[in-house]
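Data from query_22.txt: compact mmCIF, C-alpha atoms
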```txt
# COMPACT_ATOMS: atom_id res chain seq x y z
CA MET A 1 21.35 34.76 188.22
CA ASN A 2 23.54 35.85 191.13
CA GLN A 3 22.28 35.91 194.70
CA ARG A 4 24.92 38.02 196.44
CA PRO A 5 24.35 41.81 196.53
CA ASP A 6 27.82 42.63 195.21
CA TRP A 7 26.87 44.02 191.80
CA ALA A 8 26.54 47.58 190.58
CA LYS A 9 23.48 49.44 191.84
CA ASN A 10 23.47 51.89 188.93
CA GLN A 11 22.79 49.56 186.01
CA HIS A 12 23.26 50.72 182.42
CA TYR A 13 20.90 49.56 179.70
CA VAL A 14 23.35 50.94 177.15
CA PRO A 15 26.79 49.78 178.37
CA LYS A 16 29.05 52.46 179.76
CA PHE A 17 32.02 51.22 177.70
CA LEU A 18 29.98 51.78 174.53
CA LEU A 19 28.86 55.26 175.60
CA LYS A 20 32.51 56.17 176.20
CA ASN A 21 33.07 55.80 172.45
CA PHE A 22 30.76 58.80 172.06
CA ALA A 23 32.30 60.84 174.88
CA ASP A 24 35.32 63.09 175.23
CA GLY A 25 38.51 62.28 177.13
CA GLU A 26 36.86 63.18 180.43
CA GLU A 27 34.00 60.74 179.76
CA GLN A 28 31.60 63.63 179.24
CA ILE A 29 28.81 63.06 176.72
CA HIS A 30 26.31 65.43 175.15
CA VAL A 31 22.65 64.52 175.66
CA PHE A 32 19.53 65.63 173.79
CA ASP A 33 16.17 65.06 175.49
CA LYS A 34 13.82 64.88 172.51
CA GLN A 35 10.67 65.03 174.64
CA GLU A 36 11.67 68.21 176.44
CA ARG A 37 13.83 69.47 173.55
CA LYS A 38 16.65 70.21 175.95
CA GLU A 39 20.34 69.42 175.71
CA PHE A 40 23.01 69.08 178.37
CA ARG A 41 26.43 67.56 179.01
CA THR A 42 27.17 65.00 181.71
CA ASN A 43 29.33 62.01 182.62
CA VAL A 44 28.51 58.73 180.88
CA ARG A 45 27.78 57.12 184.24
CA ASN A 46 24.70 59.34 184.55
CA VAL A 47 22.92 58.36 181.33
CA ALA A 48 21.11 55.28 179.98
CA ALA A 49 21.09 53.79 183.47
CA GLU A 50 18.68 53.10 186.31
CA ASN A 51 19.14 51.85 189.86
CA GLY A 52 18.39 48.13 190.15
CA LEU A 53 17.01 47.83 186.62
CA TYR A 54 17.95 44.14 186.33
CA ASP A 55 17.35 43.20 189.99
CA ILE A 56 14.43 41.02 191.10
CA LYS A 57 13.25 40.56 194.67
CA MET A 58 12.51 36.92 195.46
CA PRO A 59 9.68 35.66 197.73
CA ASP A 60 12.17 35.00 200.54
CA GLY A 61 13.36 38.62 200.40
CA SER A 62 16.68 37.94 198.66
CA ILE A 63 17.69 39.86 195.55
CA THR A 64 18.80 38.21 192.33
CA THR A 65 20.12 40.05 189.30
CA GLY A 66 20.98 39.72 185.66
CA GLU A 67 23.58 42.48 185.99
CA LYS A 68 26.51 40.10 186.52
CA ASN A 69 25.78 38.11 183.36
CA LEU A 70 25.38 41.33 181.39
CA SER A 71 28.71 42.57 182.74
CA ASN A 72 30.43 39.36 181.65
CA LEU A 73 29.04 39.75 178.13
CA GLU A 74 30.11 43.39 178.03
CA THR A 75 33.65 42.44 178.99
CA ALA A 76 33.87 40.05 176.03
CA ALA A 77 32.13 42.44 173.63
CA ARG A 78 34.39 45.34 174.64
CA GLU A 79 37.44 43.45 173.39
CA SER A 80 35.81 42.62 170.05
CA LEU A 81 34.48 46.14 169.53
CA ASN A 82 37.85 47.64 170.39
CA LYS A 83 39.30 45.71 167.45
CA LEU A 84 36.72 47.26 165.14
CA VAL A 85 37.22 50.77 166.47
CA THR A 86 41.02 50.67 166.36
CA GLN A 87 41.58 48.63 163.17
CA GLN A 88 38.43 49.77 161.32
CA THR A 89 37.95 46.53 159.42
CA LEU A 90 35.71 43.50 159.82
CA ALA A 91 38.77 41.42 158.90
CA SER A 92 39.99 42.03 162.45
CA LEU A 93 37.20 39.83 163.83
CA THR A 94 37.61 36.14 164.50
CA PRO A 95 34.59 33.80 164.20
CA ALA A 96 34.38 33.91 168.00
CA ASP A 97 34.31 37.72 167.88
CA ARG A 98 31.38 37.59 165.47
CA VAL A 99 29.45 35.29 167.78
CA THR A 100 30.18 37.60 170.71
CA LEU A 101 29.05 40.69 168.81
CA ALA A 102 25.94 38.95 167.49
CA LEU A 103 24.99 37.98 171.04
CA PHE A 104 25.83 41.47 172.27
CA ALA A 105 23.53 43.01 169.63
CA ALA A 106 20.72 40.58 170.47
CA VAL A 107 20.98 41.32 174.18
CA GLN A 108 21.23 45.06 173.55
CA MET A 109 18.03 44.86 171.54
CA LEU A 110 16.23 43.26 174.50
CA ARG A 111 17.72 44.99 177.55
CA VAL A 112 16.59 48.59 176.98
CA LYS A 113 13.83 50.52 178.72
CA GLN A 114 12.03 50.75 175.39
CA GLN A 115 11.16 47.07 175.80
CA ILE A 116 9.53 47.89 179.13
CA LEU A 117 7.53 50.69 177.51
CA ILE A 118 6.32 48.44 174.69
CA LEU A 119 5.34 45.65 177.08
CA THR A 120 3.49 48.17 179.25
CA GLN A 121 1.64 49.47 176.19
CA MET A 122 0.60 45.91 175.30
CA THR A 123 -0.91 45.41 178.76
CA GLU A 124 -2.70 48.76 178.58
CA ILE A 125 -4.20 47.97 175.17
CA PHE A 126 -5.32 44.54 176.38
CA GLY A 127 -6.91 46.08 179.47
CA ARG A 128 -8.82 48.70 177.50
CA ARG A 129 -10.15 46.04 175.16
CA PHE A 130 -11.07 43.31 177.62
CA GLY A 131 -11.39 45.16 180.91
CA THR A 132 -10.14 43.83 184.23
CA VAL A 133 -8.56 40.40 183.88
CA GLU A 134 -7.55 38.43 186.95
CA GLY A 135 -3.80 38.06 187.18
CA LEU A 136 -2.96 41.04 185.00
CA PRO A 137 -1.47 44.19 186.56
CA GLN A 138 -3.99 47.03 186.87
CA THR A 139 -2.12 50.15 187.97
CA GLU A 140 0.57 51.88 185.94
CA LYS A 141 3.14 51.04 188.62
CA GLU A 142 2.17 47.36 188.53
CA ARG A 143 2.25 47.27 184.73
CA THR A 144 5.70 48.84 184.63
CA GLU A 145 7.12 46.47 187.25
CA ASP A 146 5.59 43.45 185.54
CA ALA A 147 7.01 44.59 182.19
CA ARG A 148 10.45 45.09 183.75
CA LYS A 149 10.46 41.51 185.01
CA VAL A 150 9.38 40.18 181.61
CA MET A 151 12.18 42.19 179.99
CA ILE A 152 14.73 40.62 182.35
CA GLN A 153 13.39 37.13 181.65
CA SER A 154 13.51 37.78 177.89
CA LEU A 155 17.30 38.14 178.04
CA ALA A 156 17.50 34.35 178.28
CA ASP A 157 16.04 34.24 174.75
CA ALA A 158 18.93 36.22 173.25
CA PRO A 159 21.00 33.17 172.13
CA GLY A 160 18.05 32.13 169.99
CA PHE A 161 18.56 35.27 167.90
CA LEU A 162 22.21 34.49 167.12
CA PRO A 163 21.48 33.05 163.65
CA ASP A 164 19.42 36.13 162.80
CA PHE A 165 22.51 38.30 163.24
CA LEU A 166 25.24 35.87 162.16
CA ASN A 167 23.50 35.03 158.88
CA LYS A 168 23.10 38.67 157.89
CA THR A 169 25.56 40.46 155.62
CA TRP A 170 27.85 42.50 157.88
CA LEU A 171 29.20 45.90 156.87
CA LEU A 172 31.30 48.37 158.82
CA VAL A 173 30.49 51.95 157.86
CA LYS A 174 32.18 55.23 158.71
CA ALA A 175 30.56 58.62 159.17
CA ALA A 176 31.23 61.25 156.53
CA ARG A 177 34.12 63.60 157.17
CA GLN A 178 33.11 66.48 159.43
CA SER A 179 30.19 64.34 160.68
CA LYS A 180 29.63 62.18 163.75
CA PHE A 181 27.28 59.32 164.52
CA TYR A 182 24.67 59.64 167.24
CA ILE A 183 23.79 56.82 169.60
CA SER A 184 20.56 56.64 171.56
CA ASP A 185 18.97 54.99 174.58
CA ASN A 186 17.65 52.32 172.18
CA PRO A 187 20.61 51.89 169.81
CA ILE A 188 19.71 48.76 167.82
CA ALA A 189 17.82 50.47 165.01
CA MET A 190 15.95 48.59 162.30
CA TYR A 191 14.88 49.94 158.93
CA ASN A 192 13.23 48.45 155.88
CA LYS A 193 12.57 50.37 152.68
CA ILE A 194 10.04 47.71 151.69
CA ARG A 195 6.51 48.87 152.50
CA ASN A 196 3.63 46.42 152.91
CA PRO A 197 0.25 47.61 154.25
CA HIS A 198 -0.76 44.06 155.16
CA ARG A 199 2.19 42.88 157.24
CA ALA A 200 5.01 44.13 159.43
CA THR A 201 8.22 45.04 157.65
CA ARG A 202 10.46 45.46 160.70
CA GLY A 203 11.85 42.41 162.43
CA LEU A 204 14.99 40.30 162.52
CA ARG A 205 13.66 37.78 160.01
CA VAL A 206 11.77 40.12 157.71
CA ARG A 207 12.85 40.26 154.08
CA GLY A 208 14.80 43.43 153.30
CA ILE A 209 15.58 44.35 156.92
CA GLU A 210 18.70 46.29 157.82
CA ILE A 211 19.91 46.67 161.41
CA HIS A 212 22.31 49.36 162.58
CA MET A 213 24.38 49.47 165.78
CA PRO A 214 26.63 52.53 166.27
CA VAL A 215 29.89 51.47 167.91
CA SER A 216 31.66 54.85 168.07
CA SER A 217 31.12 58.41 166.95
CA GLU A 218 32.84 57.44 163.69
CA LEU A 219 31.76 53.83 163.10
CA SER A 220 28.58 51.79 162.90
CA LEU A 221 28.13 48.06 162.47
CA ALA A 222 25.34 47.11 160.06
CA PHE A 223 23.57 43.79 159.57
CA TYR A 224 21.75 43.47 156.23
CA CYS A 225 19.26 40.91 154.98
CA ARG A 226 21.04 38.76 152.39
CA THR A 227 18.74 40.10 149.69
CA HIS A 228 20.68 43.38 149.88
CA GLU A 229 23.95 41.61 149.07
CA GLU A 230 22.29 39.79 146.19
CA GLY A 231 21.05 43.10 144.84
CA TRP A 232 24.43 44.82 145.19
CA ARG A 233 26.27 42.06 143.37
CA LYS A 234 23.65 41.85 140.62
CA THR A 235 23.65 45.60 140.03
CA LYS A 236 27.45 45.73 139.90
CA ALA A 237 27.54 42.83 137.44
CA GLU A 238 24.97 44.53 135.22
CA ALA A 239 26.96 47.78 135.28
CA GLU A 240 30.13 45.91 134.31
CA ILE A 241 28.33 44.25 131.40
CA CYS A 242 27.11 47.63 130.17
CA GLN A 243 30.63 49.05 130.34
CA ALA A 244 32.08 45.99 128.62
CA LEU A 245 29.63 46.57 125.77
CA GLY A 246 30.83 50.13 125.44
CA HIS A 247 27.90 51.80 127.18
CA SER A 248 28.73 54.52 129.69
CA LEU A 249 26.77 54.93 132.91
CA PRO A 250 24.70 58.12 133.28
CA ALA A 251 26.60 60.84 135.12
CA GLU A 252 24.04 60.95 137.94
CA PHE A 253 24.85 57.30 138.74
CA ALA A 254 28.62 57.81 138.93
CA ASN A 255 28.75 58.38 142.70
CA GLN A 256 26.37 55.48 143.33
CA ALA A 257 28.53 53.27 141.14
CA ARG A 258 31.62 54.13 143.20
CA LEU A 259 29.75 53.41 146.43
CA LEU A 260 28.55 50.11 145.00
CA ASP A 261 32.12 49.19 144.09
CA ASN A 262 33.20 49.94 147.66
CA ILE A 263 30.36 47.89 149.11
CA VAL A 264 31.03 44.84 146.96
CA HIS A 265 34.76 45.10 147.68
CA SER A 266 33.99 45.31 151.41
CA LEU A 267 31.89 42.15 151.26
CA SER A 268 35.08 40.15 150.75
CA SER A 269 37.70 42.40 152.36
CA GLY A 270 35.79 43.66 155.40
CA ASP A 271 37.11 47.17 154.76
CA VAL A 272 35.24 50.11 156.23
CA ILE A 273 32.92 52.04 153.90
CA GLU A 274 32.86 55.83 154.25
CA LEU A 275 29.35 57.21 153.93
CA SER A 276 28.21 60.43 152.34
CA GLU A 277 26.83 63.18 154.55
CA THR A 278 23.33 62.27 153.40
CA ALA A 279 23.81 58.62 154.34
CA THR A 280 25.34 59.61 157.69
CA ASN A 281 22.34 61.81 158.43
CA PHE A 282 20.03 58.94 157.52
CA GLN A 283 21.79 56.70 160.04
CA ASN A 284 21.47 59.38 162.71
CA GLU A 285 17.79 59.82 161.94
CA ARG A 286 17.29 56.14 162.72
CA GLN A 287 18.73 56.76 166.20
CA ILE A 288 16.48 59.78 166.68
CA ALA A 289 13.34 57.91 165.63
CA ASN A 290 14.24 54.75 167.55
CA SER A 291 15.16 56.41 170.84
CA SER A 292 12.75 56.30 173.75
CA ARG A 293 13.79 59.75 174.86
CA PHE A 294 17.53 60.46 174.77
CA VAL A 295 20.02 60.87 171.93
CA PHE A 296 23.76 61.09 172.66
CA SER A 297 26.54 62.85 170.76
CA LYS A 298 30.27 63.42 171.11
CA ASP A 299 30.32 66.99 169.80
CA GLY A 300 26.90 68.22 170.91
CA ASP A 301 25.73 69.03 167.39
CA PHE A 302 22.02 68.25 167.62
CA ARG A 303 20.89 70.39 164.70
CA LEU A 304 19.83 67.31 162.76
CA ALA A 305 17.84 66.00 165.73
CA LYS A 306 15.97 69.28 166.13
CA GLU A 307 15.25 69.54 162.42
CA ALA A 308 14.04 65.93 162.30
CA LEU A 309 11.60 66.51 165.16
CA GLU A 310 10.24 69.58 163.41
CA GLN A 311 9.62 67.51 160.28
CA VAL A 312 8.35 64.38 162.07
CA PRO A 313 6.87 65.50 165.44
CA GLU A 314 5.70 61.97 166.32
CA TRP A 315 9.33 60.93 166.75
CA ARG A 316 9.31 62.86 170.03
CA LYS A 317 7.25 60.07 171.58
CA GLY A 318 9.57 57.26 170.56
CA PRO A 319 8.37 53.94 169.07
CA GLN A 320 4.76 53.22 169.95
CA LEU A 321 2.41 50.28 169.50
CA ALA A 322 -0.62 50.97 167.35
CA GLY A 323 -3.54 51.68 169.65
CA SER A 324 -1.41 52.81 172.60
CA LYS A 325 -1.79 56.13 174.38
CA PRO A 326 1.59 57.94 174.38
CA LYS A 327 2.63 59.38 177.72
```
Structure rendered as structure tokens:
Amino acid sequence: MNQRPDWAKNQHYVPKFLLKNFADGEEQIHVFDKQERKEFRTNVRNVAAENGLYDIKMPDGSITTGEKNLSNLETAARESLNKLVTQQTLASLTPADRVTLALFAAVQMLRVKQQILILTQMTEIFGRRFGTVEGLPQTEKERTEDARKVMIQSLADAPGFLPDFLNKTWLLVKAARQSKFYISDNPIAMYNKIRNPHRATRGLRVRGIEIHMPVSSELSLAFYCRTHEEGWRKTKAEAEICQALGHSLPAEFANQARLLDNIVHSLSSGDVIELSETATNFQNERQIANSSRFVFSKDGDFRLAKEALEQVPEWRKGPQLAGSKPK
């Protein structure tokens, strides 16, 4: 950590350079507050940021920060992401770029205010169950500050998650024509279609997991559990065998077959895959559900966000721990 107070005071937990990919030429971005159900437009410098978020006051009164290290990572990641955005192919990435982006995704997963909220909820649940425990924060202010410090310390663990991103199957996907991707204040979104009532199904190392990171209003970088790739290749091979035997695929599977062809081709070529409107909406719904409070858009079209909150009202609260009391 750095000990000279020469870093930015307004510290973004979603990097400003990334938010600019969802803004107009004047760096204005559209914001939807899902808790208040309000929308507004503002400069990217005003969103997903908080004064001194990564600063820690030491016992001697000096201030240390993680902001400088985060800025250095952002500088490297910006170059790699610019390749993706401009060339729109994973083939543009060098092995070093992949390591940089994997680390960037791991850090982004840890650095958000949502982590503070979850850590605070854990302390609250523990306190309600066991009562006052010496050494644990008691007031809401103390719990929040303690959680913030733990979040900052957790950033040192990010390199340990590199294999969990690097060993996934990477895909670059493009929003459907006439559609745009959202990004949120908690943009690393996980989803797993596997349901198990006895164990968690969301986590970096969970079988079937898929992780999505929007990188511009048109593109999103996805990290899939290897079981997805195995399934795609197996299904394509089975379809080819059927066709070789003279059997035609049912008409309702024609579009899926074309998408599958594109996916399998992309696995080797790195080419971008254009999504359907339904698939684009699904990606955006992950941002809505995963956000703590704010969803961002380039064109200000938040109809999907409003409809989603009508259908799933609990998404207004953002991710919650079981047993917590939503604010």
Could I get the residues of segment 83-106 of chain A with an atom no further than 9 Å from an atom of segment 218-234 of chain A, each paired with its nearest atom pair and that distance in Å to one decimal, using all atoms listed in the file, sorted by chain and residue number, as a tab-separated table?
```
residue	atom	partner	partner_atom	distance
A:Leu84	CA	A:Leu219	CA	8.5
A:Val85	CA	A:Leu219	CA	7.1
A:Gln88	CA	A:Leu219	CA	8.0
```
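Distances here use all atoms listed in the file; by that measure, the residue among A:Asn167, A:Ser154, A:Ser276, A:Asn46 closest to Met109 of chain A is A:Ser154.
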Quiz item: What separation in Å, quoted to one decimal, exists between atom CA of Trp7 of chain A and atom CA of Asp55 of chain A?
Solution: 9.7 Å
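With all atoms listed in the file as the atoms that count, the residue of A:Ile116, A:Leu101, A:Ala147, A:Ile188 with the shortest distance to Pro163 of chain A is A:Leu101.
Considering the residues A:Ile273, A:Ile56, A:Val206, A:Val47 and counting only C-alpha atoms, Phe32 of chain A has its shortest atom-to-atom contact with A:Val47.
With distances restricted to all atoms listed in the file, A:Asn281 is the closest residue to Ala308 of chain A from A:Gln138, A:Ser292, A:Asn281, A:Gln121.
For the pair atom CA of Thr100 of chain A and atom CA of Pro214 of chain A, the interatomic distance is 16.0 Å.
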Exercise. Find, counting all atoms listed in the file, the residue in A:Val14, A:Leu110, A:Ala96, A:Ile29 that gets nearest to Gly300 of chain A.
Key: A:Ile29
Practice problem: Could you check which of A:Val272, A:Leu166, A:Lys83, A:Val44 is closest to Pro95 of chain A, using only C-alpha atoms? | Solution: A:Leu166
Self-check item: Between atom CA of Gln28 of chain A and atom CA of Phe40 of chain A - distance in Å to one decimal
Solution: 10.2 Å
Quiz item: Can you list, as a PyMOL selection string, every protein, DNA or RNA residue that comes within 9 Å of Asp185 of chain A when you count all atoms listed in the file, leaving out same-chain residues fewer than 6 positions away?
Solution: chain A and resi 13-14+47-48+112-114+287+290-296
Practice problem: Could you give me, as a ChimeraX atom specification, the residues that have an atom at most 9 Å away from the point (19.2, 56.0, 165.0) in the coordinates of the file, using all atoms listed in the file? | Solution: /A:181-184,186-190,212-214,282-291,295
